[in-house]
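To start, the structure itself, in C-alpha cells.
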2 protein chains.
Amino acid sequence: MTELAVFPGPYPGTRPPNRRRGGLADDVVLYVREQILTGALKPGTKIDQEALAAALDVSRSPIREALVILGQEGLLDLIPRRGAVVADLTPEDIVDHYELFGVVAGRAAAIAANSLSEDEIDQLRAIHERFVDGTSDDLSALNWAFHRIINRTAPRRTRWLLRLLERSVPADYYEFTDGWDAQAVRHHAAILEAVVDRDAEEARRRMEHHLHESGVAAVAHLERQGFWED
Amino acid sequence: MTELAVFPGPYPGTRPPNRRRGGLADDVVLYVREQILTGALKPGTKIDQEALAAALDVSRSPIREALVILGQEGLLDLIPRRGAVVADLTPEDIVDHYELFGVVAGRAAAIAANSLSEDEIDQLRAIHERFVDGTSDDLSALNWAFHRIINRTAPRRTRWLLRLLERSVPADYYEFTDGWDAQAVRHHAAILEAVVDRDAEEARRRMEHHLHESGVAAVAHLERQGFWED
DNA sequence: ATTTTGAATTTTGTATACAGAGGTCGTTTG
DNA sequence: CAAACGACCTCTGTATACAAAATTCAAAAT
C-alpha cells in the first residue's frame, strides 16, 4: 500500500509578488525537491498531481513538467500511466551519489590544478582564508565560492554534470552543522595546497576524499534528522 | 539570426499501430534526440513547438515534456519565455562527455573487479569470446552485454548516471564503423583481464582509456559525417 | 472466508483554449 | 539615414477540457 501524499502549503511568505524568472515549473521543482530531501515526503509516497496543483495553486501543466525534471534527477520514479512515486533514497544511495560527485569534481580539480592562473589561485587563497577565519556570516557562500573557482575552468560538459549532481542531493541541509565545517577547512586547505603545487593527481585524490567525507556527513546528518524513520 | 527548424516526417513506417508503452513524450524525445545527434538539427536552431507537434502529429503537451527532458540532458538550451534552442555540441563537448563517462564507468569497473562472482566473470568471458570471434550479426548487442555485466554490480545511483550519460551522446551512430570494433576488442580484452585478476585500479584505468578512445572515435566519425559543416 | 467480477470513480495522458511576453516590421522622428 | 517607437503578429506558458487507463469497492461466486 503506497502512502498518500499530503502537501504543506507553499513557502511561507514566498512568491515574490511579481517577479517570475523561470516558469512555475521551476518553483514546483524547488518545492517538491525540498519536501523530499527534508524527509517530508517519504520514499514510496505517490504524488497526486491534482493535490499538488491545488496546494501550490497552479494547474497541472507546470506540475507535470516539474515531475519530469525530478524524474530525470532520480528523485521520483515515473511509472507510465500510473504516476510519480518518491524514489527510494537509502544511505547507500547517498554515499554512492557523493562518490560520483567525487570522481567528477576530482576531474575538475585535476584540470584546475593544471589550468588555474596565478591570479585565480590568489582568489582561491583569499576565499579560503576567509573560510578558515570563520568570522564570515555566510560560510556556505564561501564554501560555494571555493568550489566555484575550481569548477569554473572545467570544460562545459563537466560543469553541466556537476550542477546536476549538486542539485539532487541534500547540501544546505547538513553543511556547517557539528564539526563538518572544521573538517571542510582542512580538506580545502589540502586541495588548495595541491593546486598551488600544480599536482593534478593529488588534487583529484583530495577532492574525491573531500566529497566522500561529505557523503558520510550527509548520511550522518540525515540519520540524526530521522530521515529514515517511519 | 537563429535558424528555423524544419522537421522531416516521423519515423518512416514506425508507430506500431496500437502499442504504446510509455507516453508520446518518449517518442518525441527519441525523435528529436536522433535529429540532433545525426546533425539534422544544427546547434542554434530554434525548436518551434507547434511545427514539431504538427510534424509528429501530437499536441504540444507531450512536446513540452520532451523538450524538458532534452533540456535536462543538455541537448537543448531552454530559455524561459523564448523557447528551446539546440545546444552547442563541439568536439570538445563530445570528448569531455566521454571523459566523464570514463570516470563513472571506471568506477563501475573497479567495483566489478572486486565484486563480480566467478559465474559472472565466466559470462563476461563468454560474451567477450563471441565478440572477438566477430561472426555474430549483432556486435553492438555483444558490446552492450559486455558493459552491462560490469555495470550491473555497481550501486544504484552509479547505474542511473551511466544510463544518463549513455543516452545523450552519439553511440549507435558511430560504433562498429572502420576499425573501431578491432580496437574495442583489444580494450575489452584488457578490461576482462584486469577483472579476472581482481585488479580494481587497473580495471578502472583501462575502462577510462576505453571510453576516452571511444570519444575520440565518436568525434572522428562525426567529423567524417560532416556534423560540423554548415 | 477468500477470490472474482464489474460498474463507479479517480487519475493520468493528451488535446485544446487563452492571456501575455517577445519578436517583427513599417513608420516616424531626430 | 539611423535610431526610436508602436501597432501587429507569433509563440510560449498556463489553464482547462476530455478520453481512456487504472483503481476502488461492493456484490457474487467458489
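As shown in the C-alpha cells, the chain order sets the letters A, B, ...; within each chain, residues go from 1, and ligands are also counted from 1 in the order they appear.
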**OP:** Write out as an MDAnalysis selection string every residue belonging to chain C that has an atom at most 9 Å from any atom of chain B, counting only C-alpha atoms (C1' of nucleotides).
**Re:** chainID C and resid 13:16 21:22
Original post:
Would you list which chain B residues are within 8 Å of chain A using only C-alpha atoms, as a PyMOL selection string?
Top reply: chain B and resi 21-23+64-65+68-69+72+74+80-81+92-93+96-97+100+103-104+155-158+160
Taking C-alpha atoms for each residue, export the selection above as a PDB file, in the first residue's frame.
```
ATOM      1  CA  ARG B  21       4.402   1.605 -23.847  1.00  0.00           C
ATOM      2  CA  GLY B  22       5.463   4.924 -22.387  1.00  0.00           C
ATOM      3  CA  GLY B  23       3.817   8.146 -23.398  1.00  0.00           C
ATOM      4  CA  ARG B  64       6.885  20.299 -23.960  1.00  0.00           C
ATOM      5  CA  GLU B  65       7.628  17.373 -21.686  1.00  0.00           C
ATOM      6  CA  VAL B  68      12.203  19.495 -20.737  1.00  0.00           C
ATOM      7  CA  ILE B  69      13.852  16.079 -20.799  1.00  0.00           C
ATOM      8  CA  GLN B  72      17.968  18.155 -18.692  1.00  0.00           C
ATOM      9  CA  GLY B  74      21.920  19.130 -22.120  1.00  0.00           C
ATOM     10  CA  PRO B  80      12.449  30.964 -20.289  1.00  0.00           C
ATOM     11  CA  ARG B  81       9.821  32.727 -22.329  1.00  0.00           C
ATOM     12  CA  GLU B  92      35.419  19.384 -27.013  1.00  0.00           C
ATOM     13  CA  ASP B  93      31.980  18.692 -25.560  1.00  0.00           C
ATOM     14  CA  ASP B  96      34.560  15.848 -22.323  1.00  0.00           C
ATOM     15  CA  HIS B  97      31.379  13.830 -22.235  1.00  0.00           C
ATOM     16  CA  LEU B 100      33.066  11.828 -17.766  1.00  0.00           C
ATOM     17  CA  VAL B 103      35.392   8.170 -14.821  1.00  0.00           C
ATOM     18  CA  VAL B 104      31.938   6.871 -13.979  1.00  0.00           C
ATOM     19  CA  PRO B 155      25.362   0.671  -6.901  1.00  0.00           C
ATOM     20  CA  ARG B 156      22.051   2.088  -7.959  1.00  0.00           C
ATOM     21  CA  ARG B 157      22.985   5.724  -8.326  1.00  0.00           C
ATOM     22  CA  THR B 158      26.009   4.856 -10.428  1.00  0.00           C
ATOM     23  CA  TRP B 160      21.446   5.696 -13.007  1.00  0.00           C
TER      24      TRP B 160
END
```
Mind running chain D against chain B at 9 Å and telling me each contacting residue's nearest atom pair with the distance in Å (one decimal), counting only C-alpha atoms (C1' of nucleotides), chain and number ascending, as CSV?
```
residue,atom,partner,partner_atom,distance
D:DC11,C1',B:Arg82,CA,8.0
D:DT12,C1',B:Arg81,CA,5.7
D:DG13,C1',B:Arg81,CA,7.4
```
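Compared by their closest atoms to C:DT12, and using only C-alpha atoms (C1' of nucleotides), the residues A:Ala220, A:Val32, A:Ala110, A:Ala84 rank with A:Ala84 nearest.
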Original post:
If we count only C-alpha atoms (C1' of nucleotides), what is near D:DA3 at a cut-off of 12 Å, once residues fewer than 2 positions away on the same chain are taken out, given as a PyMOL selection string?
Top reply: (chain C and resi 28-30) or (chain D and resi 1+5)
Subject >> Per-residue DSSP, stretch 3-147 of chain B, filtered to helix (DSSP H, G or I), as a PyMOL selection string >> reply: chain B and resi 24-37+49-56+60-73+91-115+118-133+139-147
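In this structure, atom CA of B:His209 sits 22.6 Å away from atom CA of A:Thr153.
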